[in-house]
Amino acid sequence: MKIEKVLNNNVVVALDENGAETVLMGRGLGFGRRAGDEAPPDKVEKRFTLHSDQLSDRFQQLMTSIPLPHFLMSERIINHAKIALGKELSDSIYVTLPDHISAAVNRYKEGIVLPNPLLWDIRQLYKDEFRVGLKANEIVKEETGVEFTDDEAAFIALHFVNAQLGGEIRDIYDMTYLLQAVFRIVCDEYGFCPDDESLNYYRFVTHLKFYARRIVSGEGYGDEDSDLLDVVRFKYPKAYACADKIRAYVQREKNFHSGQNELLYLTIHIARVMEHIDDKK
């Protein structure tokens with residue numbers, strides 16, 4: 001592959017057989033080389049082709065500003081996450097996570113450790129992603145000697161939440177604050193909080209993630225089913241009252257109209273998690 005541009009001594013950009021820009025990495029790969037030179041295959045350790053021009057540009061900018069070991073460490077974390085989560089991740093994770101990891105390593109070396117106000121909520125709402133964050137902490141300590149806190153694991157977890165749902169990281173923070181408020185309403189209404197080890201809790205959290213995503217993006221649920229809502233409201237009056245309080249909160253705080261289907265599924269999930277508390281994983 002012919003080199004299109006040299007980003008630094010270890011990273012170059014080349015064009016693949018389809019004419020797409022591909023970032024090639026390898027120690028000393030770019031040293032003494034210029035555009036038009038052939039990239040020596042024996043020095044190429046990693047190659048990345050991102051499917052968005054804007055993302056590719058951001059990726060290239062990132063590679064000129066962080067050390068290669070920080071990127072390779074981040075890639076190791078991403079590869080672990082793909083297996084642990086078992087879900088597709090957006091290409092954006094190859095930009096956002098290395099950027100965060102590198103900045104955090106530098107912060108910790110300067111003695112700047114940031115608290116995460118959403119630590120408890122992230123630990124409860126995004127359990128799988130938080131476990132990935134804890135594994136990331138282990139990898140960072142192993143490779144750099146820097147010991148991240150659980151707060152940092154929670155920050156890292158949100159990058160993986162974002163990589164599954166898409167959008168911007170600030171939207172994920174908005175969504176998490178929304179989930180926090182919803183759970184507060186549920187706990188207050190019932191006088192106790194749901195069992196976070198139950199299968200129904202996991203289903204409820206999954207539903208709420210997408211509900212919060214619809215609120216943040218302003219998208220509705222689709223066709224309305226008033227007949228079924230009437231049946232569910234009659235069968236689960238307490239759960240319906242709780243769902244209606246959530247609807248009112250979302251309308252007031254986010255100016256988002258939750259239709260009948262939103263109320264229907266909220267009621268069903270609340271009834272399952274709060275009124276069938278013996279369903280364990």
# chains A, B, ... in the order shown; residues from 1 in each chain; ligands from 1
>>> closest_atom_pairs(of="region 34-153 of chain A", to="region 204-209 of chain A", cutoff="12 Å", atoms="only C-alpha atoms", output="JSON lines")
{"residue": "A:Asp121", "atom": "CA", "partner": "A:Val205", "partner_atom": "CA", "distance": 11.3}
{"residue": "A:Ile122", "atom": "CA", "partner": "A:Val205", "partner_atom": "CA", "distance": 11.3}
{"residue": "A:Gln124", "atom": "CA", "partner": "A:Val205", "partner_atom": "CA", "distance": 9.2}
{"residue": "A:Leu125", "atom": "CA", "partner": "A:Val205", "partner_atom": "CA", "distance": 6.3}
{"residue": "A:Tyr126", "atom": "CA", "partner": "A:Val205", "partner_atom": "CA", "distance": 8.3}
{"residue": "A:Lys127", "atom": "CA", "partner": "A:Val205", "partner_atom": "CA", "distance": 10.2}
{"residue": "A:Asp128", "atom": "CA", "partner": "A:Thr206", "partner_atom": "CA", "distance": 11.7}
>>> residues_around(residues="region 152-154 of chain A", least_positions_apart="4", cutoff="7 Å", atoms="only C-alpha atoms", output="ChimeraX atom specification")
/A:119,122,130,133-134,137,148,158
>>> write_last_selection(atoms="N, CA and C atoms", output="PDB file, in the first residue's frame")
ATOM      1  N   LEU A 119     -21.351   7.646  39.859  1.00  0.00           N
ATOM      2  CA  LEU A 119     -20.729   6.339  40.106  1.00  0.00           C
ATOM      3  C   LEU A 119     -21.748   5.295  40.540  1.00  0.00           C
ATOM      4  N   ILE A 122     -24.210   4.420  37.654  1.00  0.00           N
ATOM      5  CA  ILE A 122     -23.577   3.676  36.562  1.00  0.00           C
ATOM      6  C   ILE A 122     -23.326   2.233  36.998  1.00  0.00           C
ATOM      7  N   PHE A 130     -19.812  -1.434  33.466  1.00  0.00           N
ATOM      8  CA  PHE A 130     -18.980  -1.066  34.609  1.00  0.00           C
ATOM      9  C   PHE A 130     -17.908  -2.127  34.859  1.00  0.00           C
ATOM     10  N   GLY A 133     -15.227  -1.426  32.651  1.00  0.00           N
ATOM     11  CA  GLY A 133     -14.445  -0.317  33.191  1.00  0.00           C
ATOM     12  C   GLY A 133     -13.451  -0.776  34.247  1.00  0.00           C
ATOM     13  N   LEU A 134     -13.867  -1.698  35.104  1.00  0.00           N
ATOM     14  CA  LEU A 134     -12.964  -2.230  36.125  1.00  0.00           C
ATOM     15  C   LEU A 134     -11.816  -3.017  35.480  1.00  0.00           C
ATOM     16  N   ASN A 137      -9.340  -0.631  34.189  1.00  0.00           N
ATOM     17  CA  ASN A 137      -8.463  -0.170  35.274  1.00  0.00           C
ATOM     18  C   ASN A 137      -7.296  -1.128  35.484  1.00  0.00           C
ATOM     19  N   PHE A 148      -6.212   3.631  38.429  1.00  0.00           N
ATOM     20  CA  PHE A 148      -7.473   4.366  38.311  1.00  0.00           C
ATOM     21  C   PHE A 148      -8.411   3.971  39.460  1.00  0.00           C
ATOM     22  N   LEU A 158     -19.267   4.508  30.535  1.00  0.00           N
ATOM     23  CA  LEU A 158     -20.195   5.310  29.729  1.00  0.00           C
ATOM     24  C   LEU A 158     -19.754   5.387  28.266  1.00  0.00           C
TER      25      LEU A 158
END
>>> residues_around(residues="region 58-69 of chain A", least_positions_apart="5", cutoff="9 Å", atoms="only C-alpha atoms", output="ChimeraX atom specification")
/A:7-8,10-13,23,25-27,50,53,74,92,94-95,98-99,102-103,143
>>> write_last_selection(atoms="N, CA and C atoms", output="PDB file, in the first residue's frame")
ATOM      1  N   LEU A   7       1.741  10.569   9.685  1.00  0.00           N
ATOM      2  CA  LEU A   7       1.250  11.290  10.858  1.00  0.00           C
ATOM      3  C   LEU A   7       2.339  11.453  11.911  1.00  0.00           C
ATOM      4  N   ASN A   8       3.117  10.417  12.122  1.00  0.00           N
ATOM      5  CA  ASN A   8       4.290  10.503  12.995  1.00  0.00           C
ATOM      6  C   ASN A   8       5.175   9.296  12.688  1.00  0.00           C
ATOM      7  N   ASN A  10       5.335   6.492  13.899  1.00  0.00           N
ATOM      8  CA  ASN A  10       4.720   5.180  14.069  1.00  0.00           C
ATOM      9  C   ASN A  10       3.401   4.999  13.330  1.00  0.00           C
ATOM     10  N   VAL A  11       2.872   6.074  12.740  1.00  0.00           N
ATOM     11  CA  VAL A  11       1.539   6.014  12.138  1.00  0.00           C
ATOM     12  C   VAL A  11       1.538   6.710  10.778  1.00  0.00           C
ATOM     13  N   VAL A  12       0.994   6.017   9.769  1.00  0.00           N
ATOM     14  CA  VAL A  12       0.852   6.611   8.438  1.00  0.00           C
ATOM     15  C   VAL A  12      -0.562   6.358   7.944  1.00  0.00           C
ATOM     16  N   VAL A  13      -0.971   7.109   6.932  1.00  0.00           N
ATOM     17  CA  VAL A  13      -2.259   6.898   6.276  1.00  0.00           C
ATOM     18  C   VAL A  13      -1.981   6.438   4.854  1.00  0.00           C
ATOM     19  N   VAL A  23      -5.542   3.725   8.240  1.00  0.00           N
ATOM     20  CA  VAL A  23      -4.464   4.107   9.153  1.00  0.00           C
ATOM     21  C   VAL A  23      -3.647   2.864   9.463  1.00  0.00           C
ATOM     22  N   MET A  25      -0.311   1.286  11.569  1.00  0.00           N
ATOM     23  CA  MET A  25       0.511   1.548  12.747  1.00  0.00           C
ATOM     24  C   MET A  25       1.607   0.516  12.860  1.00  0.00           C
ATOM     25  N   GLY A  26       2.720   0.948  13.386  1.00  0.00           N
ATOM     26  CA  GLY A  26       3.845   0.053  13.621  1.00  0.00           C
ATOM     27  C   GLY A  26       5.026   0.873  14.089  1.00  0.00           C
ATOM     28  N   ARG A  27       5.814   0.330  14.980  1.00  0.00           N
ATOM     29  CA  ARG A  27       6.931   1.093  15.522  1.00  0.00           C
ATOM     30  C   ARG A  27       7.939   1.383  14.418  1.00  0.00           C
ATOM     31  N   LEU A  50     -11.917   3.309   9.127  1.00  0.00           N
ATOM     32  CA  LEU A  50     -13.161   3.761   9.747  1.00  0.00           C
ATOM     33  C   LEU A  50     -14.132   4.185   8.658  1.00  0.00           C
ATOM     34  N   ASP A  53     -15.898   9.570   7.017  1.00  0.00           N
ATOM     35  CA  ASP A  53     -14.804  10.505   6.744  1.00  0.00           C
ATOM     36  C   ASP A  53     -14.520  11.390   7.952  1.00  0.00           C
ATOM     37  N   SER A  74      -5.681   1.016  24.770  1.00  0.00           N
ATOM     38  CA  SER A  74      -7.118   1.231  24.601  1.00  0.00           C
ATOM     39  C   SER A  74      -7.717   0.169  23.686  1.00  0.00           C
ATOM     40  N   SER A  92     -16.770   4.787  16.637  1.00  0.00           N
ATOM     41  CA  SER A  92     -16.402   5.975  17.408  1.00  0.00           C
ATOM     42  C   SER A  92     -15.619   5.633  18.667  1.00  0.00           C
ATOM     43  N   TYR A  94     -13.084   3.893  18.926  1.00  0.00           N
ATOM     44  CA  TYR A  94     -11.648   3.946  18.646  1.00  0.00           C
ATOM     45  C   TYR A  94     -11.097   5.371  18.709  1.00  0.00           C
ATOM     46  N   VAL A  95     -11.993   6.335  18.778  1.00  0.00           N
ATOM     47  CA  VAL A  95     -11.584   7.728  18.969  1.00  0.00           C
ATOM     48  C   VAL A  95     -11.810   8.157  20.410  1.00  0.00           C
ATOM     49  N   PRO A  98      -9.542   5.951  23.435  1.00  0.00           N
ATOM     50  CA  PRO A  98      -8.125   6.305  23.553  1.00  0.00           C
ATOM     51  C   PRO A  98      -7.913   7.751  24.001  1.00  0.00           C
ATOM     52  N   ASP A  99      -8.755   8.649  23.508  1.00  0.00           N
ATOM     53  CA  ASP A  99      -8.660  10.052  23.908  1.00  0.00           C
ATOM     54  C   ASP A  99      -8.865  10.177  25.416  1.00  0.00           C
ATOM     55  N   SER A 102      -5.909   8.255  27.492  1.00  0.00           N
ATOM     56  CA  SER A 102      -4.643   8.989  27.470  1.00  0.00           C
ATOM     57  C   SER A 102      -4.705  10.218  28.366  1.00  0.00           C
ATOM     58  N   ALA A 103      -5.817  10.966  28.261  1.00  0.00           N
ATOM     59  CA  ALA A 103      -5.968  12.161  29.094  1.00  0.00           C
ATOM     60  C   ALA A 103      -6.030  11.789  30.571  1.00  0.00           C
ATOM     61  N   GLU A 143      -0.125  -1.832  32.472  1.00  0.00           N
ATOM     62  CA  GLU A 143       0.716  -1.300  31.390  1.00  0.00           C
ATOM     63  C   GLU A 143       1.385   0.029  31.716  1.00  0.00           C
TER      64      GLU A 143
END
>>> residues_around(residues="region 172-189 of chain A", least_positions_apart="4", cutoff="9 Å", atoms="only C-alpha atoms", output="count of residues only")
32
>>> residues_around(residues="Gly28 (chain A)", least_positions_apart="3", cutoff="8 Å", atoms="only C-alpha atoms", output="VMD selection string")
chain A and resid 9 to 10 31 43
>>> select_by_dssp(residues="region 112-195 of chain A", states="helix (DSSP H, G or I)", output="PyMOL selection string")
chain A and resi 119-125+127-144+150-165+169-190
>>> decode(residues="region 176-233 of chain A", atoms="C-alpha atoms", output="PDB file, in the first residue's frame")
ATOM      1  CA  THR A 176     -28.154   8.487  32.982  1.00  0.00           C
ATOM      2  CA  TYR A 177     -29.546  11.439  34.941  1.00  0.00           C
ATOM      3  CA  LEU A 178     -32.970  10.563  33.534  1.00  0.00           C
ATOM      4  CA  LEU A 179     -32.623   6.938  34.620  1.00  0.00           C
ATOM      5  CA  GLN A 180     -31.534   8.142  38.051  1.00  0.00           C
ATOM      6  CA  ALA A 181     -34.699  10.262  38.343  1.00  0.00           C
ATOM      7  CA  VAL A 182     -36.953   7.433  37.119  1.00  0.00           C
ATOM      8  CA  PHE A 183     -35.575   4.995  39.692  1.00  0.00           C
ATOM      9  CA  ARG A 184     -36.049   7.600  42.415  1.00  0.00           C
ATOM     10  CA  ILE A 185     -39.723   7.901  41.430  1.00  0.00           C
ATOM     11  CA  VAL A 186     -40.169   4.101  41.474  1.00  0.00           C
ATOM     12  CA  CYS A 187     -38.471   3.695  44.855  1.00  0.00           C
ATOM     13  CA  ASP A 188     -40.497   6.556  46.371  1.00  0.00           C
ATOM     14  CA  GLU A 189     -43.787   5.223  44.999  1.00  0.00           C
ATOM     15  CA  TYR A 190     -43.289   1.698  46.350  1.00  0.00           C
ATOM     16  CA  GLY A 191     -41.310   2.539  49.473  1.00  0.00           C
ATOM     17  CA  PHE A 192     -38.459   0.221  48.486  1.00  0.00           C
ATOM     18  CA  CYS A 193     -36.059  -0.161  45.561  1.00  0.00           C
ATOM     19  CA  PRO A 194     -36.091  -3.032  43.049  1.00  0.00           C
ATOM     20  CA  ASP A 195     -33.902  -6.086  43.480  1.00  0.00           C
ATOM     21  CA  ASP A 196     -30.943  -5.341  41.232  1.00  0.00           C
ATOM     22  CA  GLU A 197     -30.063  -9.048  40.923  1.00  0.00           C
ATOM     23  CA  SER A 198     -33.345 -10.103  39.327  1.00  0.00           C
ATOM     24  CA  LEU A 199     -33.861 -10.848  35.668  1.00  0.00           C
ATOM     25  CA  ASN A 200     -36.791  -8.443  35.614  1.00  0.00           C
ATOM     26  CA  TYR A 201     -34.519  -5.654  36.898  1.00  0.00           C
ATOM     27  CA  TYR A 202     -32.170  -6.276  33.961  1.00  0.00           C
ATOM     28  CA  ARG A 203     -35.127  -6.169  31.551  1.00  0.00           C
ATOM     29  CA  PHE A 204     -36.421  -2.975  33.174  1.00  0.00           C
ATOM     30  CA  VAL A 205     -33.043  -1.236  32.899  1.00  0.00           C
ATOM     31  CA  THR A 206     -32.722  -2.292  29.260  1.00  0.00           C
ATOM     32  CA  HIS A 207     -36.177  -0.854  28.508  1.00  0.00           C
ATOM     33  CA  LEU A 208     -35.356   2.378  30.369  1.00  0.00           C
ATOM     34  CA  LYS A 209     -32.121   2.870  28.425  1.00  0.00           C
ATOM     35  CA  PHE A 210     -34.064   2.960  25.169  1.00  0.00           C
ATOM     36  CA  TYR A 211     -36.846   5.042  26.721  1.00  0.00           C
ATOM     37  CA  ALA A 212     -34.228   7.586  27.814  1.00  0.00           C
ATOM     38  CA  ARG A 213     -32.698   7.468  24.331  1.00  0.00           C
ATOM     39  CA  ARG A 214     -36.095   8.248  22.797  1.00  0.00           C
ATOM     40  CA  ILE A 215     -36.545  11.159  25.210  1.00  0.00           C
ATOM     41  CA  VAL A 216     -33.106  12.618  24.463  1.00  0.00           C
ATOM     42  CA  SER A 217     -33.564  12.206  20.700  1.00  0.00           C
ATOM     43  CA  GLY A 218     -37.237  13.283  20.750  1.00  0.00           C
ATOM     44  CA  GLU A 219     -38.453  10.115  18.998  1.00  0.00           C
ATOM     45  CA  GLY A 220     -41.829   8.536  19.775  1.00  0.00           C
ATOM     46  CA  TYR A 221     -42.596   4.834  20.292  1.00  0.00           C
ATOM     47  CA  GLY A 222     -44.935   4.308  17.327  1.00  0.00           C
ATOM     48  CA  ASP A 223     -48.531   3.101  17.097  1.00  0.00           C
ATOM     49  CA  GLU A 224     -50.738   3.532  20.169  1.00  0.00           C
ATOM     50  CA  ASP A 225     -52.654   0.657  21.813  1.00  0.00           C
ATOM     51  CA  SER A 226     -55.240   2.180  24.179  1.00  0.00           C
ATOM     52  CA  ASP A 227     -57.257  -1.046  24.607  1.00  0.00           C
ATOM     53  CA  LEU A 228     -54.306  -2.994  25.963  1.00  0.00           C
ATOM     54  CA  LEU A 229     -53.292  -0.052  28.167  1.00  0.00           C
ATOM     55  CA  ASP A 230     -56.777  -0.121  29.753  1.00  0.00           C
ATOM     56  CA  VAL A 231     -56.355  -3.822  30.546  1.00  0.00           C
ATOM     57  CA  VAL A 232     -52.902  -3.319  32.066  1.00  0.00           C
ATOM     58  CA  ARG A 233     -54.012  -0.248  34.034  1.00  0.00           C
TER      59      ARG A 233
END
